[in-house]
Each structure stands twice: as C-alpha cells, then as structure tokens.
Amino acid sequence: MPVQADFQLPQFSDATFLVNLAPPVAIGGWSLRCLVAKRFGDEYVSGLITKSCASGYGAGQSGITILNSGQGRIQINLVARDTSGLTWGGYQYAVERLDSGSRTILTQGQLLLAPGTL
C-alpha cells in the first residue's frame, strides 16, 4: 500500500518536496514518475503536471532528483510555470515506479494549491 503524504504550496511559486519511502526501499535503476491530476485515476485524462526520472539521468533535469537510492529518498521540484495554468484548490498526485512489469504507486496524496502566498 502506498504511503499517503499531503503537500501545500502557494499558487505561482516554486516548491521542493522530499519523499522518503517507508519502509526504505532501494530504488537505484528505477524509472520514476510524479503525476499531478485533478483526481486519483485521472492521469490519462488530466495529467496536469508530470515529472520523471530514469536510470542514468541525475541532477533533476526532468523534475525528480534521487537523493539516496539505497534508502528511497527523492526530491520533486515544481516551478512556478508548473502551476501557472491551474486554479487554486485540491489536486491529487502519485509517485510511481514505471519499469516494465513493475508499475507500482510508491506514494500518493493531496496537493493543495493555495491562492497567493501562505
């Protein structure tokens, strides 16, 4: 069962979310995706923000940085342009492993986009 974690950020702002898998899981060599949608199960209809990370790509070029592959620690970076077209309110996100034969939700939760500043 995926770990539930909720985040809140002001609209039009940059944010960094730290995700620690519990229990710790070695994630080296995995392909990961973070997807923000209007509701769970809606990723194919309204995948509003997508960040990814594949084996061999580091330093967060695509929005996800693996901080500790042996312990399952990752960092997800959102920038202001990611939320610029979204209205304030609640959205759902999920971080998944997408390797062939291993599509698994690792963590999920609510992303609350607040108007203005917090």
# chains A, B, ... in the order shown; residues from 1 in each chain; ligands from 1
>>> select_by_dssp(residues="chain A", states="strand (DSSP E or B)", output="mmCIF file with N, CA, C and O atoms, in the first residue's frame")
data_model
loop_
_atom_site.group_PDB
_atom_site.id
_atom_site.type_symbol
_atom_site.label_atom_id
_atom_site.label_comp_id
_atom_site.auth_asym_id
_atom_site.auth_seq_id
_atom_site.Cartn_x
_atom_site.Cartn_y
_atom_site.Cartn_z
ATOM 1 N N VAL A 3 2.368 4.996 0.586
ATOM 2 C CA VAL A 3 2.395 5.931 1.699
ATOM 3 C C VAL A 3 1.596 7.171 1.303
ATOM 4 O O VAL A 3 1.708 7.657 0.182
ATOM 5 N N GLN A 4 0.770 7.675 2.205
ATOM 6 C CA GLN A 4 -0.030 8.880 1.964
ATOM 7 C C GLN A 4 0.726 10.080 2.528
ATOM 8 O O GLN A 4 1.114 10.083 3.691
ATOM 9 N N PHE A 7 0.759 17.745 0.590
ATOM 10 C CA PHE A 7 1.595 18.924 0.471
ATOM 11 C C PHE A 7 0.724 20.130 0.166
ATOM 12 O O PHE A 7 -0.341 20.008 -0.425
ATOM 13 N N GLN A 8 1.215 21.307 0.542
ATOM 14 C CA GLN A 8 0.519 22.548 0.265
ATOM 15 C C GLN A 8 1.534 23.558 -0.255
ATOM 16 O O GLN A 8 2.658 23.627 0.239
ATOM 17 N N LEU A 9 1.144 24.326 -1.264
ATOM 18 C CA LEU A 9 2.006 25.378 -1.759
ATOM 19 C C LEU A 9 1.184 26.515 -2.323
ATOM 20 O O LEU A 9 0.062 26.311 -2.772
ATOM 21 N N PRO A 10 1.743 27.738 -2.305
ATOM 22 C CA PRO A 10 1.046 28.868 -2.894
ATOM 23 C C PRO A 10 1.083 28.786 -4.418
ATOM 24 O O PRO A 10 2.057 28.323 -5.001
ATOM 25 N N ALA A 15 8.508 25.080 -5.509
ATOM 26 C CA ALA A 15 8.438 24.228 -4.321
ATOM 27 C C ALA A 15 9.292 22.989 -4.524
ATOM 28 O O ALA A 15 9.467 22.518 -5.647
ATOM 29 N N THR A 16 9.822 22.485 -3.424
ATOM 30 C CA THR A 16 10.577 21.248 -3.417
ATOM 31 C C THR A 16 9.953 20.333 -2.380
ATOM 32 O O THR A 16 9.756 20.738 -1.233
ATOM 33 N N PHE A 17 9.613 19.118 -2.797
ATOM 34 C CA PHE A 17 9.022 18.144 -1.888
ATOM 35 C C PHE A 17 9.997 16.992 -1.705
ATOM 36 O O PHE A 17 10.527 16.463 -2.683
ATOM 37 N N LEU A 18 10.222 16.625 -0.458
ATOM 38 C CA LEU A 18 11.075 15.484 -0.155
ATOM 39 C C LEU A 18 10.196 14.280 0.119
ATOM 40 O O LEU A 18 9.245 14.372 0.893
ATOM 41 N N VAL A 19 10.512 13.167 -0.522
ATOM 42 C CA VAL A 19 9.756 11.932 -0.342
ATOM 43 C C VAL A 19 10.712 10.870 0.172
ATOM 44 O O VAL A 19 11.748 10.596 -0.450
ATOM 45 N N ASN A 20 10.382 10.290 1.315
ATOM 46 C CA ASN A 20 11.138 9.186 1.897
ATOM 47 C C ASN A 20 10.237 7.965 1.900
ATOM 48 O O ASN A 20 9.207 7.964 2.584
ATOM 49 N N LEU A 32 11.020 6.560 -12.486
ATOM 50 C CA LEU A 32 10.006 7.117 -11.593
ATOM 51 C C LEU A 32 9.242 8.230 -12.291
ATOM 52 O O LEU A 32 9.783 8.930 -13.148
ATOM 53 N N ARG A 33 7.979 8.392 -11.905
ATOM 54 C CA ARG A 33 7.162 9.480 -12.432
ATOM 55 C C ARG A 33 6.307 10.039 -11.302
ATOM 56 O O ARG A 33 5.736 9.298 -10.508
ATOM 57 N N CYS A 34 6.223 11.358 -11.249
ATOM 58 C CA CYS A 34 5.295 12.049 -10.358
ATOM 59 C C CYS A 34 4.276 12.724 -11.254
ATOM 60 O O CYS A 34 4.632 13.482 -12.147
ATOM 61 N N LEU A 35 3.017 12.442 -11.013
ATOM 62 C CA LEU A 35 1.957 12.988 -11.840
ATOM 63 C C LEU A 35 0.929 13.686 -10.962
ATOM 64 O O LEU A 35 0.481 13.114 -9.966
ATOM 65 N N VAL A 36 0.575 14.908 -11.322
ATOM 66 C CA VAL A 36 -0.470 15.656 -10.629
ATOM 67 C C VAL A 36 -1.690 15.702 -11.534
ATOM 68 O O VAL A 36 -1.584 16.054 -12.712
ATOM 69 N N ALA A 37 -2.829 15.311 -10.999
ATOM 70 C CA ALA A 37 -4.081 15.289 -11.757
ATOM 71 C C ALA A 37 -5.189 15.875 -10.878
ATOM 72 O O ALA A 37 -4.999 16.102 -9.686
ATOM 73 N N ILE A 49 0.541 18.017 -14.361
ATOM 74 C CA ILE A 49 1.975 18.207 -14.158
ATOM 75 C C ILE A 49 2.608 16.829 -14.156
ATOM 76 O O ILE A 49 2.119 15.919 -13.482
ATOM 77 N N THR A 50 3.678 16.661 -14.911
ATOM 78 C CA THR A 50 4.392 15.388 -14.940
ATOM 79 C C THR A 50 5.881 15.643 -14.738
ATOM 80 O O THR A 50 6.470 16.475 -15.418
ATOM 81 N N LYS A 51 6.467 14.943 -13.797
ATOM 82 C CA LYS A 51 7.906 14.975 -13.546
ATOM 83 C C LYS A 51 8.383 13.533 -13.622
ATOM 84 O O LYS A 51 7.656 12.609 -13.233
ATOM 85 N N SER A 52 9.606 13.328 -14.095
ATOM 86 C CA SER A 52 10.075 11.954 -14.239
ATOM 87 C C SER A 52 11.557 11.844 -13.944
ATOM 88 O O SER A 52 12.273 12.842 -13.858
ATOM 89 N N CYS A 53 11.998 10.615 -13.803
ATOM 90 C CA CYS A 53 13.397 10.313 -13.558
ATOM 91 C C CYS A 53 13.642 8.904 -14.061
ATOM 92 O O CYS A 53 12.893 7.989 -13.745
ATOM 93 N N GLY A 63 12.854 16.976 -13.251
ATOM 94 C CA GLY A 63 11.989 17.314 -12.129
ATOM 95 C C GLY A 63 12.114 16.442 -10.898
ATOM 96 O O GLY A 63 11.648 16.806 -9.840
ATOM 97 N N ILE A 64 12.720 15.265 -11.021
ATOM 98 C CA ILE A 64 12.912 14.390 -9.867
ATOM 99 C C ILE A 64 14.404 14.146 -9.698
ATOM 100 O O ILE A 64 15.102 13.837 -10.661
ATOM 101 N N THR A 65 14.880 14.288 -8.475
ATOM 102 C CA THR A 65 16.269 14.007 -8.149
ATOM 103 C C THR A 65 16.299 12.893 -7.108
ATOM 104 O O THR A 65 15.602 12.976 -6.097
ATOM 105 N N ILE A 66 17.079 11.848 -7.361
ATOM 106 C CA ILE A 66 17.255 10.785 -6.370
ATOM 107 C C ILE A 66 18.338 11.236 -5.405
ATOM 108 O O ILE A 66 19.481 11.459 -5.805
ATOM 109 N N LEU A 67 17.977 11.393 -4.143
ATOM 110 C CA LEU A 67 18.919 11.856 -3.121
ATOM 111 C C LEU A 67 19.687 10.705 -2.495
ATOM 112 O O LEU A 67 20.859 10.851 -2.164
ATOM 113 N N ASN A 68 19.015 9.576 -2.284
ATOM 114 C CA ASN A 68 19.653 8.397 -1.705
ATOM 115 C C ASN A 68 18.975 7.168 -2.300
ATOM 116 O O ASN A 68 17.886 6.788 -1.864
ATOM 117 N N ARG A 73 15.048 7.844 -1.069
ATOM 118 C CA ARG A 73 14.813 9.271 -0.827
ATOM 119 C C ARG A 73 14.886 10.015 -2.147
ATOM 120 O O ARG A 73 15.907 9.957 -2.831
ATOM 121 N N ILE A 74 13.796 10.739 -2.480
ATOM 122 C CA ILE A 74 13.781 11.514 -3.709
ATOM 123 C C ILE A 74 13.292 12.925 -3.425
ATOM 124 O O ILE A 74 12.659 13.184 -2.401
ATOM 125 N N GLN A 75 13.619 13.811 -4.350
ATOM 126 C CA GLN A 75 13.193 15.204 -4.267
ATOM 127 C C GLN A 75 12.438 15.533 -5.545
ATOM 128 O O GLN A 75 12.907 15.230 -6.637
ATOM 129 N N ILE A 76 11.270 16.140 -5.410
ATOM 130 C CA ILE A 76 10.450 16.540 -6.555
ATOM 131 C C ILE A 76 10.419 18.058 -6.590
ATOM 132 O O ILE A 76 10.084 18.696 -5.589
ATOM 133 N N ASN A 77 10.797 18.624 -7.723
ATOM 134 C CA ASN A 77 10.856 20.078 -7.871
ATOM 135 C C ASN A 77 9.722 20.565 -8.765
ATOM 136 O O ASN A 77 9.587 20.101 -9.890
ATOM 137 N N LEU A 78 8.931 21.481 -8.232
ATOM 138 C CA LEU A 78 7.913 22.169 -9.024
ATOM 139 C C LEU A 78 8.347 23.616 -9.162
ATOM 140 O O LEU A 78 8.838 24.213 -8.198
ATOM 141 N N GLY A 89 -6.929 25.199 -5.329
ATOM 142 C CA GLY A 89 -7.795 24.115 -4.887
ATOM 143 C C GLY A 89 -7.007 22.837 -4.709
ATOM 144 O O GLY A 89 -5.783 22.828 -4.709
ATOM 145 N N GLY A 90 -7.728 21.732 -4.572
ATOM 146 C CA GLY A 90 -7.098 20.447 -4.307
ATOM 147 C C GLY A 90 -6.835 19.651 -5.571
ATOM 148 O O GLY A 90 -7.684 19.575 -6.458
ATOM 149 N N TYR A 91 -5.662 19.064 -5.635
ATOM 150 C CA TYR A 91 -5.259 18.173 -6.723
ATOM 151 C C TYR A 91 -4.687 16.913 -6.090
ATOM 152 O O TYR A 91 -4.333 16.902 -4.911
ATOM 153 N N GLN A 92 -4.612 15.866 -6.857
ATOM 154 C CA GLN A 92 -4.056 14.604 -6.366
ATOM 155 C C GLN A 92 -2.734 14.351 -7.082
ATOM 156 O O GLN A 92 -2.574 14.704 -8.237
ATOM 157 N N TYR A 93 -1.802 13.736 -6.377
ATOM 158 C CA TYR A 93 -0.544 13.379 -7.009
ATOM 159 C C TYR A 93 -0.207 11.934 -6.658
ATOM 160 O O TYR A 93 -0.683 11.384 -5.654
ATOM 161 N N ALA A 94 0.609 11.334 -7.490
ATOM 162 C CA ALA A 94 1.115 9.993 -7.211
ATOM 163 C C ALA A 94 2.536 9.897 -7.741
ATOM 164 O O ALA A 94 2.841 10.429 -8.813
ATOM 165 N N VAL A 95 3.400 9.245 -6.987
ATOM 166 C CA VAL A 95 4.760 8.933 -7.432
ATOM 167 C C VAL A 95 4.772 7.438 -7.697
ATOM 168 O O VAL A 95 4.426 6.645 -6.817
ATOM 169 N N GLU A 96 5.152 7.066 -8.943
ATOM 170 C CA GLU A 96 5.077 5.672 -9.364
ATOM 171 C C GLU A 96 6.415 5.159 -9.876
ATOM 172 O O GLU A 96 7.206 5.920 -10.414
ATOM 173 N N ARG A 97 6.598 3.869 -9.737
ATOM 174 C CA ARG A 97 7.666 3.165 -10.434
ATOM 175 C C ARG A 97 7.059 2.669 -11.742
ATOM 176 O O ARG A 97 5.996 2.046 -11.750
ATOM 177 N N THR A 104 4.035 0.506 -10.076
ATOM 178 C CA THR A 104 3.643 0.478 -8.681
ATOM 179 C C THR A 104 3.571 1.900 -8.150
ATOM 180 O O THR A 104 4.491 2.693 -8.365
ATOM 181 N N ILE A 105 2.503 2.242 -7.447
ATOM 182 C CA ILE A 105 2.414 3.550 -6.788
ATOM 183 C C ILE A 105 3.220 3.474 -5.496
ATOM 184 O O ILE A 105 2.963 2.626 -4.646
ATOM 185 N N LEU A 106 4.201 4.364 -5.360
ATOM 186 C CA LEU A 106 5.073 4.380 -4.188
ATOM 187 C C LEU A 106 4.537 5.302 -3.099
ATOM 188 O O LEU A 106 4.630 5.004 -1.921
ATOM 189 N N THR A 107 4.023 6.448 -3.491
ATOM 190 C CA THR A 107 3.408 7.384 -2.560
ATOM 191 C C THR A 107 2.373 8.204 -3.317
ATOM 192 O O THR A 107 2.473 8.374 -4.532
ATOM 193 N N GLN A 108 1.379 8.673 -2.612
ATOM 194 C CA GLN A 108 0.330 9.486 -3.215
ATOM 195 C C GLN A 108 -0.257 10.394 -2.157
ATOM 196 O O GLN A 108 -0.018 10.220 -0.971
ATOM 197 N N GLY A 109 -1.029 11.365 -2.601
ATOM 198 C CA GLY A 109 -1.658 12.250 -1.641
ATOM 199 C C GLY A 109 -2.305 13.433 -2.313
ATOM 200 O O GLY A 109 -2.491 13.473 -3.521
ATOM 201 N N GLN A 110 -2.597 14.425 -1.507
ATOM 202 C CA GLN A 110 -3.244 15.630 -1.992
ATOM 203 C C GLN A 110 -2.230 16.748 -2.082
ATOM 204 O O GLN A 110 -1.412 16.945 -1.182
ATOM 205 N N LEU A 111 -2.305 17.513 -3.162
ATOM 206 C CA LEU A 111 -1.523 18.716 -3.341
ATOM 207 C C LEU A 111 -2.511 19.870 -3.306
ATOM 208 O O LEU A 111 -3.367 19.994 -4.177
ATOM 209 N N LEU A 112 -2.436 20.669 -2.248
ATOM 210 C CA LEU A 112 -3.342 21.805 -2.089
ATOM 211 C C LEU A 112 -2.649 23.037 -2.637
ATOM 212 O O LEU A 112 -1.598 23.450 -2.145
ATOM 213 N N LEU A 113 -3.219 23.608 -3.670
ATOM 214 C CA LEU A 113 -2.706 24.814 -4.291
ATOM 215 C C LEU A 113 -3.464 25.996 -3.702
ATOM 216 O O LEU A 113 -4.666 26.139 -3.922
ATOM 217 N N ALA A 114 -2.771 26.801 -2.904
ATOM 218 C CA ALA A 114 -3.414 27.901 -2.188
ATOM 219 C C ALA A 114 -3.311 29.186 -3.000
ATOM 220 O O ALA A 114 -2.321 29.418 -3.686
#
>>> select_by_dssp(residues="chain A", states="helix (DSSP H, G or I)", output="list in words")
Glu43, Tyr44, Val45, Ser46, Ala80, Arg81, Asp82 and Thr83 of chain A
>>> atom_distance(atom1="CA of Gly28 in chain A", atom2="CA of Gly70 in chain A")
6.8 Å
>>> residues_around(residues="Ser13 in chain A", least_positions_apart="3", cutoff="9 Å", atoms="only C-alpha atoms", output="number ranges by chain")
A: 9-10, 78-84, 116-117
